[in-house]
$ cat data.txt   # compact mmCIF, C-alpha atoms
# COMPACT_ATOMS: atom_id res chain seq x y z
CA MET N 21 217.59 82.65 55.48
CA ASP N 22 218.18 80.53 52.37
CA SER N 23 219.96 82.17 49.48
CA PRO N 24 217.76 82.95 46.46
CA GLN N 25 220.91 82.88 44.33
CA ILE N 26 220.86 86.59 43.63
CA ALA N 27 223.57 89.18 43.20
CA SER N 28 225.19 91.16 45.96
CA ARG N 29 223.06 93.66 47.87
CA ARG N 30 225.26 96.53 46.70
CA ALA N 31 225.25 97.40 43.01
CA THR N 32 228.59 98.95 42.09
CA PRO N 33 229.00 101.48 39.26
CA HIS N 34 230.75 100.37 36.11
CA SER N 35 230.86 101.36 32.45
CA ALA N 36 227.82 99.23 31.60
CA ASP N 37 225.70 101.63 33.69
CA ARG N 38 226.34 104.45 31.24
CA LEU N 39 223.29 105.42 29.24
CA ASP N 40 222.56 105.80 25.55
CA ARG N 41 222.96 109.54 24.95
CA ASP N 42 220.62 109.38 21.94
CA ARG N 43 217.67 108.48 24.20
CA GLN N 44 216.03 110.23 27.14
CA ALA N 45 217.84 109.44 30.36
CA ALA N 46 214.93 109.05 32.81
CA PRO N 47 213.23 106.08 31.05
CA GLN N 48 216.57 104.30 30.79
CA VAL N 49 217.34 104.83 34.48
CA PHE N 50 213.84 103.65 35.36
CA GLU N 51 214.15 100.45 33.30
CA ARG N 52 217.58 99.61 34.67
CA LEU N 53 216.62 100.21 38.28
CA ARG N 54 213.37 98.32 37.80
CA ASP N 55 215.25 95.35 36.33
CA MET N 56 217.66 95.41 39.28
CA ILE N 57 214.77 95.48 41.76
CA VAL N 58 212.75 92.73 40.06
CA SER N 59 215.83 90.52 39.66
CA LEU N 60 216.65 91.15 43.36
CA LYS N 61 220.05 92.57 42.55
CA LEU N 62 218.58 95.35 44.67
CA PRO N 63 216.69 93.37 47.35
CA PRO N 64 213.94 94.80 49.54
CA GLY N 65 215.38 97.27 52.01
CA SER N 66 218.25 98.38 49.77
CA PRO N 67 218.89 102.14 50.14
CA LEU N 68 218.91 104.21 46.97
CA SER N 69 221.04 107.34 47.16
CA ARG N 70 220.09 109.88 44.50
CA ALA N 71 223.61 111.30 44.46
CA ALA N 72 225.18 107.86 44.12
CA LEU N 73 222.75 106.88 41.35
CA ALA N 74 223.47 110.11 39.47
CA THR N 75 227.17 109.27 39.61
CA GLN N 76 226.55 105.65 38.68
CA PHE N 77 224.55 106.51 35.57
CA GLY N 78 226.42 109.70 34.70
CA VAL N 79 223.35 111.96 34.76
CA SER N 80 221.97 114.91 36.72
CA SER N 81 219.59 114.52 39.62
CA THR N 82 216.48 115.19 37.49
CA PRO N 83 216.38 111.84 35.61
CA ILE N 84 217.05 110.03 38.89
CA ARG N 85 214.15 111.85 40.57
CA ASP N 86 211.81 111.09 37.66
CA ALA N 87 212.81 107.40 37.59
CA LEU N 88 212.30 107.05 41.34
CA MET N 89 208.86 108.67 41.06
CA ARG N 90 207.83 106.04 38.49
CA LEU N 91 209.18 103.27 40.68
CA GLU N 92 207.22 104.68 43.62
CA GLU N 93 204.05 104.65 41.48
CA GLU N 94 204.60 100.92 40.87
CA GLY N 95 205.15 100.39 44.59
CA LEU N 96 208.72 99.22 44.09
CA VAL N 97 210.38 101.90 46.23
CA ASP N 98 209.38 103.71 49.40
CA VAL N 99 210.29 107.40 49.44
CA PHE N 100 210.72 109.15 52.77
CA PRO N 101 211.06 112.88 51.95
CA GLN N 102 214.20 114.52 53.26
CA HIS N 103 215.30 111.18 54.64
CA ALA N 104 215.79 108.18 52.34
CA THR N 105 214.54 106.11 49.45
CA VAL N 106 214.60 102.33 49.83
CA VAL N 107 213.48 99.36 47.78
CA SER N 108 210.07 98.31 49.08
CA ARG N 109 209.25 94.96 50.59
CA ILE N 110 207.20 92.62 48.42
CA ASP N 111 203.54 93.50 48.87
CA VAL N 112 201.64 90.21 48.78
CA ARG N 113 198.30 91.97 48.26
CA LEU N 114 199.59 93.73 45.15
CA ALA N 115 201.11 90.46 43.94
CA GLN N 116 197.71 88.78 44.27
CA GLN N 117 196.01 91.63 42.42
CA ALA N 118 198.52 91.37 39.57
CA HIS N 119 197.89 87.63 39.38
CA PHE N 120 194.13 88.23 39.18
CA LEU N 121 194.55 90.77 36.37
CA ARG N 122 196.98 88.64 34.42
CA GLN N 123 194.91 85.47 34.70
CA ALA N 124 191.73 87.24 33.59
CA LEU N 125 193.43 88.59 30.48
CA GLU N 126 195.50 85.57 29.53
CA LEU N 127 192.67 83.07 29.84
CA GLU N 128 190.85 85.00 27.13
CA ILE N 129 194.02 85.38 25.07
CA VAL N 130 194.89 81.67 24.96
CA LYS N 131 191.26 80.83 24.23
CA ALA N 132 191.26 83.18 21.22
CA LEU N 133 194.57 81.80 19.98
CA ALA N 134 193.42 78.19 20.33
CA LEU N 135 190.30 78.94 18.31
CA GLU N 136 192.32 80.40 15.46
CA HIS N 137 196.07 79.98 15.84
CA VAL N 138 198.74 80.97 13.37
CA ASP N 139 201.52 78.48 12.61
CA ALA N 140 204.13 81.26 12.70
CA LEU N 141 203.16 82.01 16.30
CA ILE N 142 203.60 78.36 17.29
CA ASP N 143 207.10 78.40 15.83
CA GLU N 144 207.87 81.64 17.66
CA LEU N 145 206.64 80.30 20.99
CA ASN N 146 208.55 77.05 20.58
CA GLY N 147 211.67 79.06 19.84
CA THR N 148 211.26 80.94 23.11
CA ILE N 149 210.71 77.69 24.99
CA ALA N 150 213.95 76.35 23.49
CA LEU N 151 215.77 79.39 24.86
CA GLN N 152 214.26 78.78 28.28
CA GLN N 153 215.50 75.20 28.21
CA LYS N 154 218.96 76.46 27.32
CA PHE N 155 218.96 78.97 30.19
CA THR N 156 217.65 76.32 32.58
CA ARG N 157 220.61 74.06 31.79
CA ALA N 158 222.98 76.99 32.27
CA GLY N 159 221.33 78.02 35.56
CA ASP N 160 220.92 81.55 34.17
CA PHE N 161 217.79 82.71 36.00
CA GLU N 162 217.92 86.29 34.74
CA LYS N 163 217.82 85.26 31.09
CA PHE N 164 215.28 82.57 31.91
CA MET N 165 212.91 85.15 33.39
CA ALA N 166 213.43 87.46 30.42
CA ALA N 167 212.52 84.61 28.06
CA ASP N 168 209.52 83.75 30.26
CA ASN N 169 208.27 87.32 29.89
CA ASP N 170 208.91 87.16 26.14
CA PHE N 171 206.73 84.05 25.90
CA HIS N 172 203.77 85.80 27.48
CA ALA N 173 204.38 89.04 25.58
CA GLN N 174 204.18 87.02 22.36
CA LEU N 175 200.72 85.77 23.35
CA TYR N 176 199.47 89.31 23.90
CA ALA N 177 201.04 90.59 20.70
CA ALA N 178 199.51 87.76 18.65
CA THR N 179 196.02 88.95 19.63
CA GLY N 180 196.81 92.63 19.03
CA ASN N 181 197.00 93.35 22.76
CA ARG N 182 200.62 94.36 23.26
CA ALA N 183 199.49 97.48 25.16
CA LEU N 184 197.74 95.21 27.67
CA TRP N 185 201.03 93.39 28.25
CA ASP N 186 202.65 96.73 29.06
CA LEU N 187 199.84 97.36 31.56
CA VAL N 188 200.26 93.93 33.14
CA ARG N 189 204.01 94.38 33.36
CA SER N 190 203.61 97.73 35.13
CA ARG N 191 201.49 96.00 37.78
CA SER N 192 203.64 92.89 38.15
CA GLY N 193 206.73 94.08 39.99
CA HIS N 194 205.74 92.45 43.27
CA ILE N 195 204.66 89.08 41.88
CA ASP N 196 207.71 89.04 39.61
CA ARG N 197 209.92 89.37 42.69
CA LEU N 198 208.07 86.47 44.31
CA ARG N 199 208.66 84.46 41.14
CA ARG N 200 212.37 85.35 41.25
CA LEU N 201 212.61 84.09 44.84
CA HIS N 202 210.81 80.87 43.90
CA LEU N 203 212.59 80.20 40.60
CA PRO N 204 215.77 78.56 42.01
CA SER N 205 213.67 75.94 43.83
CA PRO N 206 214.39 72.43 42.51
CA GLY N 207 212.26 71.66 39.48
CA LYS N 208 210.58 75.09 39.30
CA ALA N 209 212.16 76.17 36.00
CA GLN N 210 211.41 72.77 34.48
CA ASP N 211 207.75 73.10 35.57
CA ILE N 212 207.49 76.46 33.84
CA VAL N 213 208.89 75.02 30.62
CA ARG N 214 206.53 72.05 30.86
CA HIS N 215 203.49 74.29 31.28
CA HIS N 216 204.58 76.47 28.38
CA LYS N 217 204.84 73.40 26.17
CA LEU N 218 201.37 72.22 27.21
CA ILE N 219 199.86 75.65 26.51
CA VAL N 220 201.43 75.76 23.05
CA ALA N 221 200.34 72.20 22.29
CA ALA N 222 196.74 73.03 23.23
CA ILE N 223 196.77 76.18 21.09
CA SER N 224 198.24 74.22 18.17
CA ALA N 225 195.57 71.52 18.56
CA ASN N 226 192.72 74.08 18.70
CA GLN N 227 191.81 73.07 22.27
CA PRO N 228 190.80 76.29 24.08
CA ASP N 229 189.63 74.54 27.27
CA GLU N 230 192.94 72.70 27.59
CA ALA N 231 194.91 75.87 26.87
CA GLN N 232 193.03 77.66 29.65
CA ARG N 233 193.46 74.78 32.08
CA HIS N 234 197.22 74.65 31.60
CA LEU N 235 197.52 78.43 31.77
CA ARG N 236 195.58 78.55 35.05
CA GLN N 237 197.89 75.93 36.57
CA HIS N 238 200.91 77.76 35.24
CA LEU N 239 200.03 81.19 36.61
CA SER N 240 199.17 79.83 40.08
CA GLY N 241 202.55 78.14 40.43
CA THR N 242 204.17 80.76 42.67
CA LEU N 243 201.30 81.99 44.83
CA GLY N 244 200.56 78.38 45.69
CA TYR N 245 203.93 78.31 47.49
CA LEU N 246 203.51 81.66 49.23
CA ALA N 247 203.77 80.23 52.77
CA GLU N 248 207.01 78.46 51.88
CA ILE N 249 208.49 81.57 50.27
CA ARG N 250 207.51 83.70 53.26
CA ALA N 251 209.11 81.20 55.65
CA ARG N 252 212.38 81.28 53.69
CA PHE N 253 212.53 85.04 53.08
CA PRO N 254 210.50 86.70 55.87
CA GLU N 255 212.26 90.06 55.72
CA TYR N 256 211.57 90.41 51.99
CA LEU N 257 207.76 90.22 52.25
CA SER N 258 205.22 92.58 53.77
CA GLU N 259 203.04 91.40 56.62

$ encode --input "data.txt" --output "structure tokens"
Amino acid sequence: MDSPQIASRRATPHSADRLDRDRQAAPQVFERLRDMIVSLKLPPGSPLSRAALATQFGVSSTPIRDALMRLEEEGLVDVFPQHATVVSRIDVRLAQQAHFLRQALELEIVKALALEHVDALIDELNGTIALQQKFTRAGDFEKFMAADNDFHAQLYAATGNRALWDLVRSRSGHIDRLRRLHLPSPGKAQDIVRHHKLIVAAISANQPDEAQRHLRQHLSGTLGYLAEIRARFPEYLSE
């Protein structure tokens, strides 16, 4: 199997895992574990020991249980009662459903923005693209993906639909893992940046049809390579 350039299968405890005591523990544990799963620091099949996680994050078993329940709801972990909890394999069907939802929403969002864009948004989007270019040069895929998500979140927020972005994100764990596997492929990060630039240019030029065309090409960029990804990482994907 080719390496997706991800971290070691075993996540070791360190001081950075300690939580902010001024905030509820369970949401923090959930977000950190989710980030580790989506980034493939915890690849499919990784066992998750509740006792070890409690020690790692310095909390009781209750926040760990609550976080794992939320991850199970998103399909990111498989819980076998009285036996084990493991990171789920990537469910291609759920990835395709997330793509369908996201495309339906974002086509309407970029159309609305192209019909009446705000210059401040264009500057904001271009700033995010500049960060992506910086992370591409550095080969920092984690920060690149974070900036990629920021770009799309900015589109939702600009149309007053930030809550819809939160919904999309909660459904996107499987397709985001596919994207993470695909991202190190030669030219992939550059293609994402190029599409982002084309989308912004179409919005800035008040060209809704062009904005939608470039967005559609952009969002299909990973699923179009599904067979290749499956061939390279067969044990990571569901049948």

$ residues_around --input "data.txt" --residues "segment 106-112 of chain N" --least-positions-apart "2" --cutoff "9 Å" --atoms "all atoms listed in the file" --output "PyMOL selection string"
chain N and resi 57+62-69+92+95-100+104+114-117+193-195+197-198+246+255-259

$ closest_residue --input "data.txt" --among "N:Ala134, N:Ile212, N:Ala177, N:His119" --to "Gln153 of chain N" --atoms "all atoms listed in the file"
N:Ile212

$ closest_residue --input "data.txt" --among "N:His215, N:Lys208, N:Arg252, N:Arg122" --to "Ala231 of chain N" --atoms "only C-alpha atoms"
N:His215

$ closest_residue --input "data.txt" --among "N:Ser190, N:Leu175, N:Trp185, N:Arg54" --to "Leu133 of chain N" --atoms "all atoms listed in the file"
N:Leu175

$ closest_residue --input "data.txt" --among "N:Gln232, N:Glu51, N:Ser59, N:Thr179" --to "Asp86 of chain N" --atoms "only C-alpha atoms"
N:Glu51

$ residues_near_point --input "data.txt" --point "(197.7, 78.0, 37.1)" --cutoff "12 Å" --atoms "all atoms listed in the file" --output "list of chain:residue names"
N:His119, N:Phe120, N:Arg122, N:Gln123, N:Ala124, N:Glu126, N:Leu127, N:Asp211, N:Ile212, N:His215, N:His216, N:Ile219, N:Glu230, N:Ala231, N:Gln232, N:Arg233, N:His234, N:Leu235, N:Arg236, N:Gln237, N:His238, N:Leu239, N:Ser240, N:Gly241, N:Thr242, N:Leu243, N:Gly244

$ closest_residue --input "data.txt" --among "N:Phe171, N:Phe155, N:Tyr245, N:Phe253" --to "Ala209 of chain N" --atoms "all atoms listed in the file"
N:Phe155

$ closest_residue --input "data.txt" --among "N:Leu73, N:Ala46, N:Ile249, N:Ala178" --to "Ser205 of chain N" --atoms "only C-alpha atoms"
N:Ile249

$ axis_aligned_box --input "data.txt" --around "segment 234-242 of chain N" --padding-each-side "6 Å" --output "AutoDock Vina command-line options"
--center_x 199.9 --center_y 77.9 --center_z 37.1 --size_x 20.6 --size_y 18.5 --size_z 23.1

$ residues_around --input "data.txt" --residues "segment 160-163 of chain N" --least-positions-apart "5" --cutoff "9 Å" --atoms "only C-alpha atoms" --output "ChimeraX atom specification"
/N:25,59,151-152,154-155,168,200,203-204,209

$ atom_distance --input "data.txt" --atom1 "atom CA of Val138 of chain N" --atom2 "atom CA of Ile223 of chain N"
9.3 Å

$ atom_distance --input "data.txt" --atom1 "atom CA of Asn181 of chain N" --atom2 "atom CA of Gln44 of chain N"
25.8 Å

$ atom_distance --input "data.txt" --atom1 "atom CA of His103 of chain N" --atom2 "atom CA of Arg70 of chain N"
11.3 Å

$ decode --input "data.txt" --residues "segment 186-236 of chain N" --atoms "N, CA and C atoms" --output "mmCIF file, in the first residue's frame"
data_model
loop_
_atom_site.group_PDB
_atom_site.id
_atom_site.type_symbol
_atom_site.label_atom_id
_atom_site.label_comp_id
_atom_site.auth_asym_id
_atom_site.auth_seq_id
_atom_site.Cartn_x
_atom_site.Cartn_y
_atom_site.Cartn_z
ATOM 1 N N ASP N 186 -22.153 23.936 9.185
ATOM 2 C CA ASP N 186 -21.998 23.012 10.312
ATOM 3 C C ASP N 186 -22.680 21.685 10.011
ATOM 4 N N LEU N 187 -23.848 21.742 9.358
ATOM 5 C CA LEU N 187 -24.542 20.515 8.969
ATOM 6 C C LEU N 187 -23.710 19.722 7.966
ATOM 7 N N VAL N 188 -23.219 20.397 6.939
ATOM 8 C CA VAL N 188 -22.411 19.733 5.919
ATOM 9 C C VAL N 188 -21.182 19.093 6.553
ATOM 10 N N ARG N 189 -20.535 19.824 7.429
ATOM 11 C CA ARG N 189 -19.323 19.302 8.069
ATOM 12 C C ARG N 189 -19.628 18.035 8.867
ATOM 13 N N SER N 190 -20.769 18.015 9.548
ATOM 14 C CA SER N 190 -21.118 16.841 10.348
ATOM 15 C C SER N 190 -21.402 15.620 9.498
ATOM 16 N N ARG N 191 -21.648 15.823 8.208
ATOM 17 C CA ARG N 191 -21.930 14.709 7.298
ATOM 18 C C ARG N 191 -20.730 14.362 6.415
ATOM 19 N N SER N 192 -19.633 15.066 6.584
ATOM 20 C CA SER N 192 -18.535 14.984 5.614
ATOM 21 C C SER N 192 -17.312 14.217 6.093
ATOM 22 N N GLY N 193 -17.423 13.526 7.221
ATOM 23 C CA GLY N 193 -16.243 12.836 7.732
ATOM 24 C C GLY N 193 -15.673 11.803 6.780
ATOM 25 N N HIS N 194 -16.541 11.087 6.071
ATOM 26 C CA HIS N 194 -16.063 10.033 5.175
ATOM 27 C C HIS N 194 -15.444 10.616 3.905
ATOM 28 N N ILE N 195 -16.101 11.598 3.306
ATOM 29 C CA ILE N 195 -15.518 12.179 2.089
ATOM 30 C C ILE N 195 -14.270 12.984 2.427
ATOM 31 N N ASP N 196 -14.224 13.576 3.618
ATOM 32 C CA ASP N 196 -13.016 14.305 4.003
ATOM 33 C C ASP N 196 -11.833 13.357 4.164
ATOM 34 N N ARG N 197 -12.086 12.135 4.604
ATOM 35 C CA ARG N 197 -10.985 11.167 4.700
ATOM 36 C C ARG N 197 -10.534 10.719 3.308
ATOM 37 N N LEU N 198 -11.483 10.578 2.392
ATOM 38 C CA LEU N 198 -11.088 10.294 1.003
ATOM 39 C C LEU N 198 -10.227 11.420 0.459
ATOM 40 N N ARG N 199 -10.636 12.663 0.717
ATOM 41 C CA ARG N 199 -9.876 13.821 0.248
ATOM 42 C C ARG N 199 -8.467 13.808 0.846
ATOM 43 N N ARG N 200 -8.362 13.415 2.114
ATOM 44 C CA ARG N 200 -7.043 13.399 2.762
ATOM 45 C C ARG N 200 -6.141 12.345 2.140
ATOM 46 N N LEU N 201 -6.726 11.208 1.739
ATOM 47 C CA LEU N 201 -5.940 10.184 1.059
ATOM 48 C C LEU N 201 -5.478 10.661 -0.311
ATOM 49 N N HIS N 202 -6.330 11.437 -0.983
ATOM 50 C CA HIS N 202 -6.053 11.875 -2.346
ATOM 51 C C HIS N 202 -5.124 13.091 -2.395
ATOM 52 N N LEU N 203 -5.144 13.895 -1.344
ATOM 53 C CA LEU N 203 -4.451 15.186 -1.367
ATOM 54 C C LEU N 203 -2.958 15.103 -1.702
ATOM 55 N N PRO N 204 -2.201 14.119 -1.194
ATOM 56 C CA PRO N 204 -0.769 14.083 -1.527
ATOM 57 C C PRO N 204 -0.460 13.719 -2.976
ATOM 58 N N SER N 205 -1.465 13.316 -3.750
ATOM 59 C CA SER N 205 -1.209 12.957 -5.144
ATOM 60 C C SER N 205 -0.612 14.143 -5.896
ATOM 61 N N PRO N 206 0.333 13.913 -6.779
ATOM 62 C CA PRO N 206 0.983 15.013 -7.503
ATOM 63 C C PRO N 206 -0.027 15.925 -8.194
ATOM 64 N N GLY N 207 0.066 17.210 -7.907
ATOM 65 C CA GLY N 207 -0.770 18.202 -8.555
ATOM 66 C C GLY N 207 -2.140 18.403 -7.934
ATOM 67 N N LYS N 208 -2.542 17.560 -6.966
ATOM 68 C CA LYS N 208 -3.884 17.658 -6.402
ATOM 69 C C LYS N 208 -4.081 18.980 -5.662
ATOM 70 N N ALA N 209 -3.153 19.337 -4.795
ATOM 71 C CA ALA N 209 -3.296 20.583 -4.035
ATOM 72 C C ALA N 209 -3.324 21.786 -4.978
ATOM 73 N N GLN N 210 -2.499 21.745 -5.993
ATOM 74 C CA GLN N 210 -2.463 22.845 -6.967
ATOM 75 C C GLN N 210 -3.797 22.949 -7.720
ATOM 76 N N ASP N 211 -4.418 21.803 -8.022
ATOM 77 C CA ASP N 211 -5.723 21.818 -8.687
ATOM 78 C C ASP N 211 -6.786 22.463 -7.803
ATOM 79 N N ILE N 212 -6.742 22.166 -6.512
ATOM 80 C CA ILE N 212 -7.705 22.760 -5.588
ATOM 81 C C ILE N 212 -7.553 24.272 -5.566
ATOM 82 N N VAL N 213 -6.315 24.726 -5.474
ATOM 83 C CA VAL N 213 -6.058 26.174 -5.466
ATOM 84 C C VAL N 213 -6.543 26.803 -6.769
ATOM 85 N N ARG N 214 -6.273 26.138 -7.875
ATOM 86 C CA ARG N 214 -6.692 26.680 -9.176
ATOM 87 C C ARG N 214 -8.207 26.811 -9.252
ATOM 88 N N HIS N 215 -8.923 25.790 -8.797
ATOM 89 C CA HIS N 215 -10.381 25.853 -8.824
ATOM 90 C C HIS N 215 -10.905 26.955 -7.904
ATOM 91 N N HIS N 216 -10.292 27.097 -6.740
ATOM 92 C CA HIS N 216 -10.712 28.159 -5.838
ATOM 93 C C HIS N 216 -10.547 29.529 -6.499
ATOM 94 N N LYS N 217 -9.435 29.721 -7.176
ATOM 95 C CA LYS N 217 -9.203 30.994 -7.864
ATOM 96 C C LYS N 217 -10.254 31.238 -8.941
ATOM 97 N N LEU N 218 -10.600 30.198 -9.694
ATOM 98 C CA LEU N 218 -11.591 30.338 -10.754
ATOM 99 C C LEU N 218 -12.974 30.645 -10.185
ATOM 100 N N ILE N 219 -13.316 30.023 -9.067
ATOM 101 C CA ILE N 219 -14.604 30.304 -8.427
ATOM 102 C C ILE N 219 -14.666 31.755 -7.969
ATOM 103 N N VAL N 220 -13.602 32.221 -7.329
ATOM 104 C CA VAL N 220 -13.568 33.601 -6.842
ATOM 105 C C VAL N 220 -13.614 34.579 -8.011
ATOM 106 N N ALA N 221 -12.893 34.280 -9.073
ATOM 107 C CA ALA N 221 -12.890 35.169 -10.237
ATOM 108 C C ALA N 221 -14.286 35.276 -10.844
ATOM 109 N N ALA N 222 -15.008 34.149 -10.911
ATOM 110 C CA ALA N 222 -16.361 34.169 -11.470
ATOM 111 C C ALA N 222 -17.316 34.940 -10.564
ATOM 112 N N ILE N 223 -17.171 34.785 -9.252
ATOM 113 C CA ILE N 223 -18.009 35.550 -8.325
ATOM 114 C C ILE N 223 -17.724 37.037 -8.484
ATOM 115 N N SER N 224 -16.433 37.382 -8.547
ATOM 116 C CA SER N 224 -16.037 38.787 -8.668
ATOM 117 C C SER N 224 -16.536 39.406 -9.960
ATOM 118 N N ALA N 225 -16.625 38.602 -11.023
ATOM 119 C CA ALA N 225 -17.055 39.099 -12.335
ATOM 120 C C ALA N 225 -18.567 38.991 -12.538
ATOM 121 N N ASN N 226 -19.292 38.624 -11.479
ATOM 122 C CA ASN N 226 -20.755 38.468 -11.565
ATOM 123 C C ASN N 226 -21.164 37.477 -12.656
ATOM 124 N N GLN N 227 -20.495 36.299 -12.631
ATOM 125 C CA GLN N 227 -20.774 35.246 -13.613
ATOM 126 C C GLN N 227 -21.256 33.984 -12.892
ATOM 127 N N PRO N 228 -22.539 33.922 -12.536
ATOM 128 C CA PRO N 228 -23.039 32.783 -11.748
ATOM 129 C C PRO N 228 -22.874 31.438 -12.445
ATOM 130 N N ASP N 229 -23.093 31.380 -13.759
ATOM 131 C CA ASP N 229 -22.960 30.106 -14.467
ATOM 132 C C ASP N 229 -21.522 29.590 -14.409
ATOM 133 N N GLU N 230 -20.567 30.504 -14.567
ATOM 134 C CA GLU N 230 -19.160 30.110 -14.500
ATOM 135 C C GLU N 230 -18.787 29.682 -13.084
ATOM 136 N N ALA N 231 -19.288 30.400 -12.094
ATOM 137 C CA ALA N 231 -19.007 30.042 -10.702
ATOM 138 C C ALA N 231 -19.514 28.637 -10.411
ATOM 139 N N GLN N 232 -20.720 28.322 -10.891
ATOM 140 C CA GLN N 232 -21.279 26.992 -10.672
ATOM 141 C C GLN N 232 -20.497 25.920 -11.432
ATOM 142 N N ARG N 233 -20.088 26.227 -12.633
ATOM 143 C CA ARG N 233 -19.328 25.252 -13.425
ATOM 144 C C ARG N 233 -18.017 24.889 -12.736
ATOM 145 N N HIS N 234 -17.297 25.908 -12.273
ATOM 146 C CA HIS N 234 -16.013 25.641 -11.618
ATOM 147 C C HIS N 234 -16.218 24.938 -10.275
ATOM 148 N N LEU N 235 -17.276 25.287 -9.566
ATOM 149 C CA LEU N 235 -17.541 24.620 -8.295
ATOM 150 C C LEU N 235 -17.856 23.144 -8.521
ATOM 151 N N ARG N 236 -18.662 22.846 -9.531
ATOM 152 C CA ARG N 236 -19.025 21.459 -9.815
ATOM 153 C C ARG N 236 -17.771 20.637 -10.137
#
